[in-house]
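Trainee: model_6.cif (mmCIF, C-alpha atoms and all ligand atoms) pasted underneath:
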data_my_file
#
loop_
_atom_site.label_atom_id
_atom_site.label_comp_id
_atom_site.auth_asym_id
_atom_site.auth_seq_id
_atom_site.Cartn_x
_atom_site.Cartn_y
_atom_site.Cartn_z
CA MET A 228 -28.22 26.22 35.81
CA ALA A 229 -27.05 29.16 33.72
CA LYS A 230 -23.50 28.75 32.46
CA GLN A 231 -21.19 31.59 33.15
CA LYS A 232 -19.85 32.92 29.86
CA LYS A 233 -16.18 33.72 29.61
CA ASN A 234 -16.25 36.73 27.39
CA ASP A 235 -12.63 36.65 26.28
CA LEU A 236 -13.28 34.21 23.39
CA ALA A 237 -12.90 36.02 20.06
CA LEU A 238 -16.00 34.09 19.02
CA LEU A 239 -17.90 36.21 21.57
CA GLY A 240 -16.22 39.47 20.63
CA GLY A 241 -13.06 39.18 22.72
CA ARG A 242 -9.59 40.05 21.45
CA LYS A 243 -8.04 37.58 19.06
CA ALA A 244 -5.14 35.49 20.33
CA PHE A 245 -3.50 35.18 16.91
CA THR A 246 -2.85 38.62 15.46
CA ALA A 247 0.48 38.14 13.67
CA LYS A 248 0.53 38.49 9.89
CA THR A 249 1.36 35.32 7.98
CA LYS A 250 2.74 34.68 4.51
CA PRO A 251 2.66 31.47 2.50
CA HIS A 252 5.71 29.19 2.66
CA ASN A 253 8.01 30.28 -0.18
CA PRO A 254 11.24 28.37 -0.70
CA ILE A 255 12.06 30.11 -4.00
CA GLY A 256 14.92 32.62 -3.81
CA LEU A 257 17.72 34.24 -5.75
CA LYS A 258 19.45 30.95 -6.57
CA GLU A 259 16.34 29.66 -8.31
CA GLN A 260 15.93 32.96 -10.18
CA ILE A 261 19.49 32.82 -11.46
CA SER A 262 19.32 29.16 -12.49
CA ALA A 263 16.01 29.73 -14.28
CA TYR A 264 17.40 32.79 -16.01
CA LYS A 265 20.42 30.86 -17.29
CA VAL A 266 18.17 28.23 -18.81
CA LEU A 267 16.00 30.89 -20.41
CA ARG A 268 19.04 32.57 -21.90
CA SER A 269 20.22 29.27 -23.37
CA GLY A 270 16.87 28.92 -25.16
CA VAL A 271 16.83 25.15 -24.45
CA LEU A 272 13.71 24.68 -22.35
CA SER A 273 13.45 20.95 -22.97
CA LYS A 274 15.62 18.50 -24.82
CA PHE A 275 13.57 15.32 -24.52
CA LEU A 276 12.82 13.44 -27.73
CA GLY A 277 10.30 10.63 -28.02
CA THR A 278 12.73 8.54 -30.08
CA TRP A 279 15.35 5.97 -29.11
CA SER A 280 18.35 8.33 -28.98
CA GLN A 281 20.51 10.09 -26.39
CA ASP A 282 17.77 12.71 -26.03
CA PHE A 283 15.32 10.03 -24.87
CA TYR A 284 16.74 10.72 -21.38
CA GLY A 285 16.19 14.50 -21.46
CA GLY A 286 18.36 17.60 -21.43
CA PRO A 287 21.39 18.60 -19.35
CA LYS A 288 19.48 20.11 -16.44
CA VAL A 289 17.10 17.15 -16.21
CA GLN A 290 20.06 14.77 -16.09
CA GLU A 291 21.99 16.89 -13.58
CA PHE A 292 18.89 17.16 -11.39
CA GLU A 293 18.33 13.41 -11.44
CA LYS A 294 21.97 12.70 -10.60
CA LEU A 295 21.82 15.09 -7.64
CA ALA A 296 18.57 13.47 -6.44
CA THR A 297 20.23 10.03 -6.36
CA GLU A 298 22.94 11.51 -4.11
CA VAL A 299 20.58 13.42 -1.83
CA PHE A 300 18.21 10.48 -1.29
CA HIS A 301 20.80 7.65 -1.44
CA THR A 302 19.00 5.78 -4.19
CA LYS A 303 20.24 4.11 -7.38
CA HIS A 304 17.76 5.74 -9.75
CA ALA A 305 15.97 9.09 -9.60
CA ILE A 306 13.59 9.80 -12.46
CA SER A 307 12.08 13.26 -12.81
CA VAL A 308 8.48 13.67 -13.96
CA ASN A 309 6.20 16.63 -14.64
CA SER A 310 4.08 15.93 -11.54
CA TRP A 311 3.99 13.35 -8.79
CA THR A 312 0.60 12.24 -10.10
CA SER A 313 2.44 11.36 -13.33
CA GLY A 314 5.07 9.62 -11.20
CA LEU A 315 2.44 7.48 -9.47
CA ILE A 316 0.90 6.49 -12.81
CA ALA A 317 4.34 5.50 -14.14
CA ALA A 318 5.06 3.50 -10.97
CA VAL A 319 1.80 1.54 -11.03
CA GLY A 320 2.28 0.82 -14.74
CA ALA A 321 5.89 -0.28 -14.25
CA VAL A 322 5.06 -2.87 -11.56
CA GLY A 323 2.74 -4.50 -14.07
CA VAL A 324 -0.71 -3.81 -12.64
CA GLU A 325 -3.29 -4.94 -15.20
CA PRO A 326 -7.07 -4.78 -15.47
CA GLY A 327 -8.71 -6.65 -12.61
CA ASP A 328 -5.58 -6.71 -10.40
CA GLU A 329 -6.10 -5.55 -6.84
CA VAL A 330 -3.90 -2.89 -5.25
CA ILE A 331 -4.18 -2.33 -1.50
CA VAL A 332 -4.34 1.40 -0.74
CA THR A 333 -4.96 3.81 2.12
CA PRO A 334 -8.10 5.93 2.49
CA TRP A 335 -5.95 8.76 3.94
CA SER A 336 -4.08 10.14 0.97
CA MET A 337 -4.58 12.55 -1.86
CA SER A 338 -6.84 11.17 -4.61
CA ALA A 339 -3.91 10.86 -7.04
CA SER A 340 -2.75 7.76 -5.13
CA ILE A 341 -5.86 5.84 -6.10
CA ALA A 342 -6.34 7.47 -9.50
CA ALA A 343 -2.95 6.04 -10.52
CA VAL A 344 -4.25 2.53 -9.79
CA LEU A 345 -7.48 3.09 -11.72
CA HIS A 346 -5.57 4.38 -14.74
CA TRP A 347 -4.16 0.89 -15.35
CA GLY A 348 -7.46 -0.86 -14.63
CA GLY A 349 -6.35 -1.85 -11.13
CA ILE A 350 -8.94 -2.17 -8.38
CA PRO A 351 -8.14 -0.22 -5.20
CA VAL A 352 -8.85 -2.17 -2.01
CA PHE A 353 -8.80 -0.02 1.11
CA ALA A 354 -6.97 -0.96 4.31
CA ASP A 355 -7.71 1.21 7.33
CA ILE A 356 -5.12 3.49 8.94
CA GLU A 357 -3.26 2.90 12.20
CA PRO A 358 -4.72 4.71 15.20
CA ASP A 359 -2.63 7.82 16.02
CA GLU A 360 -0.23 7.28 13.10
CA PHE A 361 -2.52 8.04 10.15
CA ASN A 362 -0.70 5.70 7.75
CA ILE A 363 -1.91 2.36 6.40
CA ASP A 364 -2.10 -0.40 9.05
CA PRO A 365 0.10 -3.40 8.07
CA ASN A 366 -2.20 -5.77 10.01
CA LYS A 367 -5.19 -4.65 7.95
CA VAL A 368 -3.14 -5.00 4.76
CA ARG A 369 -2.28 -8.60 5.69
CA GLU A 370 -5.99 -9.47 6.01
CA LEU A 371 -6.78 -8.07 2.58
CA ILE A 372 -4.17 -9.87 0.45
CA THR A 373 -5.79 -12.23 -2.08
CA VAL A 374 -4.61 -14.10 -5.18
CA ARG A 375 -5.54 -11.00 -7.18
CA THR A 376 -3.32 -8.62 -5.15
CA LYS A 377 -0.54 -7.19 -7.31
CA ALA A 378 0.77 -4.33 -5.20
CA ILE A 379 0.44 -2.21 -2.07
CA LEU A 380 0.42 1.57 -2.52
CA VAL A 381 1.07 3.41 0.73
CA ALA A 382 1.33 7.10 1.54
CA ASP A 383 3.72 8.65 4.06
CA ILE A 384 1.09 11.06 5.17
CA PHE A 385 1.62 14.43 6.94
CA GLY A 386 5.41 14.01 6.89
CA LYS A 387 6.00 10.62 8.47
CA SER A 388 6.87 7.27 6.92
CA ALA A 389 4.41 4.39 6.87
CA LYS A 390 5.59 1.05 8.36
CA LEU A 391 7.57 0.12 5.25
CA GLU A 392 9.81 -2.53 6.86
CA GLU A 393 6.77 -4.55 7.86
CA LEU A 394 5.01 -3.98 4.55
CA MET A 395 8.06 -4.97 2.50
CA LYS A 396 8.35 -8.20 4.49
CA LEU A 397 4.69 -8.95 3.87
CA ALA A 398 5.07 -8.14 0.18
CA SER A 399 8.04 -10.46 -0.28
CA GLN A 400 6.11 -13.31 1.38
CA HIS A 401 3.39 -12.86 -1.24
CA GLY A 402 5.53 -11.88 -4.23
CA ILE A 403 3.91 -8.47 -4.62
CA LYS A 404 5.32 -4.97 -5.06
CA VAL A 405 5.16 -1.92 -2.78
CA ILE A 406 4.95 1.68 -3.97
CA SER A 407 5.27 4.59 -1.54
CA ASP A 408 3.72 7.99 -2.12
CA THR A 409 6.09 10.26 -0.21
CA ALA A 410 4.66 13.53 -1.57
CA GLN A 411 4.21 14.91 1.93
CA ALA A 412 7.37 13.57 3.52
CA PRO A 413 10.47 14.48 1.46
CA GLY A 414 13.57 14.08 3.60
CA SER A 415 11.83 12.17 6.38
CA THR A 416 13.49 8.94 7.45
CA SER A 417 12.71 5.53 8.85
CA GLN A 418 15.59 3.98 10.82
CA GLY A 419 17.91 6.40 9.07
CA ARG A 420 16.78 5.62 5.52
CA PHE A 421 14.88 8.13 3.42
CA SER A 422 11.13 7.74 2.97
CA GLY A 423 10.41 7.16 -0.69
CA THR A 424 13.43 4.84 -1.01
CA LEU A 425 12.12 2.08 1.28
CA ALA A 426 9.70 0.45 -1.19
CA HIS A 427 10.26 -1.09 -4.65
CA ILE A 428 9.33 2.34 -6.03
CA GLY A 429 8.68 5.61 -4.21
CA GLY A 430 9.00 9.28 -4.79
CA ILE A 431 8.15 12.85 -3.97
CA SER A 432 6.07 15.68 -5.35
CA LEU A 433 7.55 19.02 -6.40
CA ASN A 434 4.19 20.74 -6.48
CA TYR A 435 3.89 24.34 -5.27
CA HIS A 436 2.31 23.28 -1.97
CA LYS A 437 5.05 20.92 -0.85
CA HIS A 438 8.24 21.48 1.24
CA ILE A 439 10.29 22.09 -1.91
CA HIS A 440 8.85 22.71 -5.34
CA THR A 441 9.33 23.56 -9.00
CA GLY A 442 5.73 24.73 -9.50
CA GLU A 443 4.75 21.31 -10.81
CA GLY A 444 6.99 18.25 -10.82
CA GLY A 445 8.03 15.09 -9.05
CA ILE A 446 10.82 12.51 -8.69
CA LEU A 447 10.56 8.72 -8.72
CA PHE A 448 13.06 6.60 -6.78
CA THR A 449 13.98 2.95 -7.24
CA ASP A 450 17.00 0.69 -6.86
CA ASP A 451 15.66 -1.70 -9.49
CA ASP A 452 17.18 -1.21 -12.97
CA GLU A 453 14.30 -2.80 -14.83
CA LEU A 454 11.59 -0.85 -13.02
CA ALA A 455 13.60 2.34 -13.59
CA PHE A 456 13.80 1.70 -17.32
CA ARG A 457 10.10 0.87 -17.58
CA MET A 458 9.24 4.12 -15.84
CA LYS A 459 11.48 6.06 -18.22
CA LEU A 460 9.67 4.40 -21.12
CA ILE A 461 6.23 5.26 -19.72
CA ARG A 462 7.44 8.83 -19.11
CA ASN A 463 8.39 9.28 -22.74
CA HIS A 464 6.14 7.64 -25.37
CA ALA A 465 7.05 4.01 -24.62
CA GLU A 466 5.10 2.52 -27.54
CA SER A 467 7.34 4.16 -30.12
CA ILE A 468 10.59 3.40 -28.25
CA VAL A 469 10.20 -0.33 -27.48
CA SER A 470 11.37 -1.63 -30.84
CA GLY A 471 14.47 0.59 -30.96
CA ALA A 472 15.31 -0.28 -27.35
CA GLN A 473 14.60 -3.97 -28.06
CA VAL A 474 12.20 -4.37 -25.15
CA GLU A 475 10.65 -7.83 -25.16
CA ASP A 476 7.82 -7.48 -22.65
CA ILE A 477 5.78 -4.59 -24.05
CA SER A 478 2.92 -4.90 -21.55
CA ASN A 479 1.96 -1.54 -20.01
CA LEU A 480 4.39 0.20 -22.33
CA VAL A 481 1.95 2.57 -23.92
CA GLY A 482 3.44 5.83 -22.84
CA PHE A 483 2.70 9.39 -21.94
CA ASN A 484 4.53 12.66 -21.96
CA PHE A 485 5.46 12.93 -18.27
CA ARG A 486 8.71 14.79 -18.99
CA LEU A 487 10.02 17.58 -16.77
CA GLY A 488 11.24 20.80 -18.45
CA GLU A 489 14.76 22.19 -18.16
CA LEU A 490 13.53 25.26 -16.25
CA GLU A 491 11.88 23.17 -13.57
CA ALA A 492 14.89 20.85 -13.38
CA ALA A 493 17.24 23.84 -12.90
CA ILE A 494 15.01 25.21 -10.13
CA GLY A 495 14.79 21.70 -8.66
CA ILE A 496 18.59 21.51 -8.30
CA SER A 497 18.58 24.55 -6.01
CA GLN A 498 15.53 23.26 -4.18
CA LEU A 499 17.16 19.91 -3.41
CA GLU A 500 20.12 21.78 -1.93
CA LYS A 501 17.73 23.56 0.47
CA LEU A 502 15.60 20.59 1.51
CA ASN A 503 17.51 19.75 4.66
CA LYS A 504 17.40 23.32 5.94
CA ILE A 505 13.68 23.63 5.22
CA ILE A 506 12.75 20.48 7.08
CA ARG A 507 14.87 21.50 10.09
CA VAL A 508 12.86 24.75 10.27
CA LYS A 509 9.53 22.90 10.04
CA GLN A 510 10.64 20.41 12.68
CA GLY A 511 11.71 23.23 14.99
CA LEU A 512 8.30 24.88 14.65
CA ALA A 513 6.50 21.58 15.25
CA ASN A 514 8.56 20.90 18.40
CA GLU A 515 7.75 24.40 19.61
CA LEU A 516 4.05 23.80 18.98
CA THR A 517 4.24 20.52 20.90
CA ARG A 518 5.69 22.45 23.86
CA GLU A 519 2.87 25.01 23.60
CA LEU A 520 0.10 22.41 23.50
CA THR A 521 1.44 19.91 26.00
CA GLY A 522 -0.82 19.62 29.03
CA LEU A 523 -4.10 20.57 27.35
CA GLN A 524 -6.54 17.89 28.49
CA GLY A 525 -8.01 15.67 25.80
CA LEU A 526 -5.66 16.87 23.07
CA ILE A 527 -3.65 14.04 21.51
CA LEU A 528 -0.43 15.37 19.99
CA PRO A 529 1.69 13.66 17.30
CA LYS A 530 3.51 10.61 18.58
CA ILE A 531 7.27 11.06 18.70
CA ASP A 532 9.14 8.04 17.40
CA LEU A 533 12.91 8.30 17.18
CA ASN A 534 13.02 5.71 14.38
CA LEU A 535 10.47 7.55 12.26
CA GLU A 536 11.57 11.11 11.66
CA ASN A 537 8.66 13.45 10.91
CA VAL A 538 9.04 16.45 8.57
CA TYR A 539 5.59 17.82 9.47
CA TYR A 540 3.80 18.66 6.26
CA VAL A 541 0.74 18.87 8.50
CA TYR A 542 0.87 18.88 12.31
CA PRO A 543 -1.77 16.27 13.22
CA ILE A 544 -3.96 16.63 16.32
CA LEU A 545 -6.71 14.38 17.66
CA ILE A 546 -9.33 15.23 20.22
CA ASP A 547 -10.20 12.62 22.83
CA LYS A 548 -13.97 12.38 23.08
CA LYS A 549 -13.76 10.65 26.45
CA ILE A 550 -12.44 13.89 27.89
CA ILE A 551 -13.74 16.59 25.58
CA LYS A 552 -17.48 17.09 25.27
CA SER A 553 -17.42 19.97 22.77
CA SER A 554 -17.70 19.01 19.12
CA ARG A 555 -14.70 19.35 16.84
CA ALA A 556 -16.69 21.82 14.75
CA ALA A 557 -17.22 24.10 17.78
CA ILE A 558 -13.51 23.90 18.69
CA VAL A 559 -12.31 24.67 15.18
CA ARG A 560 -14.82 27.50 14.83
CA ALA A 561 -13.53 29.04 18.07
CA LEU A 562 -9.87 28.61 17.00
CA ARG A 563 -10.55 30.18 13.61
CA ALA A 564 -12.32 33.08 15.34
CA GLU A 565 -9.11 33.54 17.37
CA GLY A 566 -7.36 34.07 14.02
CA VAL A 567 -5.47 30.76 13.81
CA PRO A 568 -4.66 30.09 10.12
CA GLY A 569 -4.06 26.79 8.33
CA LEU A 570 -6.54 24.60 10.25
CA SER A 571 -8.40 21.72 8.63
CA GLU A 572 -11.23 19.61 10.01
CA GLY A 573 -10.73 16.01 8.98
CA TYR A 574 -8.70 14.84 5.99
CA GLN A 575 -9.90 12.28 3.42
CA ASN A 576 -12.05 9.20 3.07
CA LEU A 577 -11.10 8.18 -0.45
CA HIS A 578 -13.21 4.99 -0.35
CA LEU A 579 -16.35 7.12 -0.19
CA LEU A 580 -15.67 8.97 -3.48
CA PRO A 581 -18.35 8.53 -6.19
CA VAL A 582 -15.97 6.44 -8.35
CA PHE A 583 -16.08 3.71 -5.66
CA GLN A 584 -19.71 4.15 -4.69
CA GLN A 585 -20.70 3.59 -8.34
CA GLN A 586 -17.81 1.23 -9.14
CA ARG A 587 -17.08 2.61 -12.57
CA ALA A 588 -14.00 4.56 -13.57
CA PHE A 589 -13.80 4.38 -17.38
CA GLY A 590 -16.85 4.13 -19.63
CA LYS A 591 -20.24 3.07 -18.36
CA LYS A 592 -19.80 -0.70 -18.08
CA GLY A 593 -18.19 -0.80 -14.64
CA PHE A 594 -14.52 -0.86 -15.66
CA PRO A 595 -12.26 -1.94 -13.95
CA TRP A 596 -14.48 -3.80 -11.45
CA ASN A 597 -16.03 -5.77 -14.32
CA GLN A 598 -12.55 -7.24 -14.96
CA ALA A 599 -12.56 -9.21 -11.69
CA THR A 600 -15.24 -11.78 -12.34
CA GLY A 601 -16.35 -13.60 -9.22
CA SER A 602 -15.11 -10.92 -6.82
CA LEU A 603 -17.31 -8.46 -5.00
CA TYR A 604 -15.99 -5.20 -3.62
CA ASN A 605 -17.41 -3.26 -0.71
CA TYR A 606 -16.78 0.47 -0.35
CA SER A 607 -19.53 1.21 2.16
CA LYS A 608 -19.13 3.51 5.08
CA GLY A 609 -17.85 1.34 7.91
CA ILE A 610 -15.02 -0.48 6.08
CA CYS A 611 -12.36 1.89 7.50
CA PRO A 612 -13.67 2.83 10.94
CA VAL A 613 -10.50 4.57 12.17
CA ALA A 614 -10.13 6.75 9.07
CA GLU A 615 -13.84 7.53 9.12
CA THR A 616 -14.06 8.50 12.79
CA TYR A 617 -10.95 10.62 12.53
CA HIS A 618 -12.26 12.32 9.40
CA ASP A 619 -15.78 12.86 10.73
CA GLU A 620 -15.13 13.72 14.37
CA LEU A 621 -11.63 13.71 15.83
CA PHE A 622 -8.90 14.99 13.51
CA ILE A 623 -7.65 18.58 13.29
CA GLY A 624 -4.73 19.38 10.99
CA PHE A 625 -2.48 22.41 11.28
CA GLY A 626 -0.74 23.05 7.96
CA ILE A 627 2.68 23.86 9.33
CA THR A 628 4.52 23.61 6.00
CA GLY A 629 2.08 25.73 4.00
CA LEU A 630 2.88 28.88 5.98
CA ALA A 631 6.10 30.81 6.56
CA LEU A 632 5.84 30.72 10.37
CA LYS A 633 8.15 31.97 13.11
CA LYS A 634 8.34 31.21 16.81
CA LYS A 635 6.07 34.17 17.64
CA HIS A 636 3.33 32.71 15.43
CA ILE A 637 3.55 29.39 17.24
CA ALA A 638 3.31 31.17 20.61
CA GLN A 639 0.07 32.80 19.43
CA VAL A 640 -1.30 29.46 18.18
CA GLY A 641 -0.55 28.11 21.64
CA ALA A 642 -2.32 31.06 23.30
CA ALA A 643 -5.37 30.54 21.08
CA PHE A 644 -5.60 26.84 21.97
CA ARG A 645 -5.22 27.57 25.69
CA LYS A 646 -7.95 30.19 25.56
CA VAL A 647 -10.31 27.85 23.71
CA TRP A 648 -9.45 25.03 26.12
CA GLU A 649 -10.39 27.23 29.10
CA ASN A 650 -13.78 27.67 27.47
CA LEU A 651 -14.45 24.10 26.39
CA GLU A 652 -17.37 23.74 28.76
CA TYR A 653 -19.02 26.83 27.35
CA LEU A 654 -18.46 25.49 23.79
CA ALA A 655 -19.99 22.14 24.77
CA GLU A 656 -23.07 23.81 26.24
CA GLU A 657 -23.45 26.08 23.23
CA GLY A 658 -23.43 23.06 20.95
CA LYS A 659 -26.49 21.53 22.65
C1 LIG A 701 0.50 16.45 -3.43
C2 LIG A 701 0.23 15.00 -3.36
C3 LIG A 701 0.14 14.21 -4.51
C4 LIG A 701 0.14 14.76 -5.90
O1 LIG A 701 1.32 15.37 -6.26
P1 LIG A 701 1.35 16.34 -7.55
O2 LIG A 701 2.81 16.64 -7.73
O3 LIG A 701 0.55 17.56 -7.18
O4 LIG A 701 0.76 15.62 -8.70
C5 LIG A 701 -0.05 12.84 -4.36
N1 LIG A 701 -0.13 12.28 -3.15
C6 LIG A 701 -0.06 13.01 -2.02
C7 LIG A 701 -0.16 12.31 -0.70
C8 LIG A 701 0.10 14.39 -2.08
O5 LIG A 701 0.14 15.12 -0.96
#
Represent the structure contained in this file as structure tokens.
Mentor:
Amino acid sequence: MAKQKKNDLALLGGRKAFTAKTKPHNPIGLKEQISAYKVLRSGVLSKFLGTWSQDFYGGPKVQEFEKLATEVFHTKHAISVNSWTSGLIAAVGAVGVEPGDEVIVTPWSMSASIAAVLHWGGIPVFADIEPDEFNIDPNKVRELITVRTKAILVADIFGKSAKLEELMKLASQHGIKVISDTAQAPGSTSQGRFSGTLAHIGGISLNYHKHIHTGEGGILFTDDDELAFRMKLIRNHAESIVSGAQVEDISNLVGFNFRLGELEAAIGISQLEKLNKIIRVKQGLANELTRELTGLQGLILPKIDLNLENVYYVYPILIDKKIIKSSRAAIVRALRAEGVPGLSEGYQNLHLLPVFQQQRAFGKKGFPWNQATGSLYNYSKGICPVAETYHDELFIGFGITGLALKKKHIAQVGAAFRKVWENLEYLAEEGK
């Protein structure tokens, strides 16, 4: 039987549903320009010194920025760093991960999460994600804890907190530490507390692509005085500070230069003041998109949970294969042809990276896996079935924070989805 073609799909030459012009998200304005200019005029672009002195803690803007961050995020310590990748490395070092220690991680994060573990010789062990939440599954974490487990490193992916209450309980039962990578969820909350402040250490990125940014940068959060000091040491040439500061336990205190500049700190102060407004805008757009897409058969929209406030770095969508016969590739191709920007097919499967397939990170002798004698590690396809199926077949991301969108853009995204959904049968046939 010949299928009747609906010729209005842009893929088949019809008019595009999304015609509005878009610009990238840009939170930088006059306030940032003025604060940066003042720093430039002062000539003091960084005041950090790698010696045990007052300047060990950085210049005036760095210290003002950190103080403001403790107030904004309700945390005891806020420690600025020159990127969140640096922050993650400092965090993993501070909790005392050493060669051969296992750290339970999520396959759905940016690669920096697992690189930070490898940098201290830790062995990442992957726990699958929760269905329709995309964050690490506490039940899977529980199954993977061994005598070698030193920490759990979770990510609050796409703008929503992982199940930190459960994970912290689990960690205290086993005497291990939890680190949260909140790069994508600044200002999101779990039961009213800020993501990034719910673990022993957490923090956010200030990279150009995030809700708020300083070009490059990041902030670490902790309520623990000792962890805070260890991270400050790692940030600023620990090895040459420890004797002056009379630190007894020098393990993992070989440092880096992870220091943030005064310009970035000054810009960061204005950015922190805007965070709340920015996330309200993104949430408004996401709610609007949910209204637009509600009712489309076989489309699974982000779960709303009043205790877990989402700041929508990415608006996550799943397709239900029981209802939809077209492939994800055909759907995304049709949506892109309609002009919809910011779409991604799948996300990450970090366990499948070459570093895990070959089990060697530093040198050629299999470090750090060769530090865990008697243990075997499996990174084959199949160990994280949820993350893999979502990545390979079911997940579509809409990068809602990366674009400066308005309500009219969201209406056109909705129109594009509806048009594609009317033609799903055609797209399924075409795929055969
Ligand atoms: C952006 C990001 C990072 C890295 O942050 P940088 O500041 O770019 O180093 C780490 N983890 C996640 C989940 C991210 O999205």
Trainee: Select, from A:Gly320, A:Pro413, A:Gly482, A:Gly444, the residue with the minimum atom-to-atom distance to ligand LIG 701 (chain A), counting all atoms listed in the file.
Mentor: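 That would be A:Gly444, the residue with the smallest distance to ligand LIG 701 (chain A).
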Trainee: Put a box with edges along x, y and z around all the listed atoms of ligand LIG 701 (chain A), pad it by 6 Å on each side, then give me its centre and sizes in Å, one decimal, as JSON.
Mentor:
{"center_x": 1.3, "center_y": 14.9, "center_z": -4.7, "size_x": 15.0, "size_y": 17.3, "size_z": 20.0}
Trainee: Here is a test: counting only C-alpha atoms and all ligand atoms, which residue of A:Leu577, A:Val481, A:Ala513, A:Ala465 is nearest to ligand LIG 701 (chain A)?
Mentor: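 Looking at the shortest contact to ligand LIG 701 (chain A), the residue is A:Leu577.
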Trainee: Would you pick out the contacts of segment 611-620 of chain A at 12 Å or less, using only C-alpha atoms, so that residues sharing its chain but fewer than 2 positions from it are not included, and give the list as JSON, numbers by chain?
Mentor: {"A": [332, 333, 334, 335, 336, 352, 353, 354, 355, 356, 357, 358, 359, 360, 361, 362, 363, 364, 367, 368, 543, 544, 545, 546, 547, 548, 551, 552, 553, 554, 555, 556, 557, 558, 559, 571, 572, 573, 574, 575, 576, 577, 578, 579, 605, 606, 607, 608, 609, 622, 623, 624]}
Trainee: Using only C-alpha atoms and all ligand atoms, which residues have at least one atom no more than 7 Å from ligand LIG 701 (chain A)? Output them as a VMD selection string.
Mentor: chain A and resid 310 to 313 336 to 340 382 384 408 to 411 432 to 434 437 443 to 445
Trainee: Pick out the residues sitting within 12 Å of Thr441 of chain A, and hand them over as an MDAnalysis selection string; count only C-alpha atoms, and ignore anything fewer than 3 positions along from it in its own chain.
Mentor: chainID A and resid 253:256 259:260 262:263 292 307:311 431:438 444:446 487:499
Trainee: Could you work out how far atom CA of Ala244 of chain A lies from atom CA of Ala642 of chain A, giving the answer in Å with one decimal?
Mentor: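 Rounded to one decimal, the two atoms are 6.0 Å apart.
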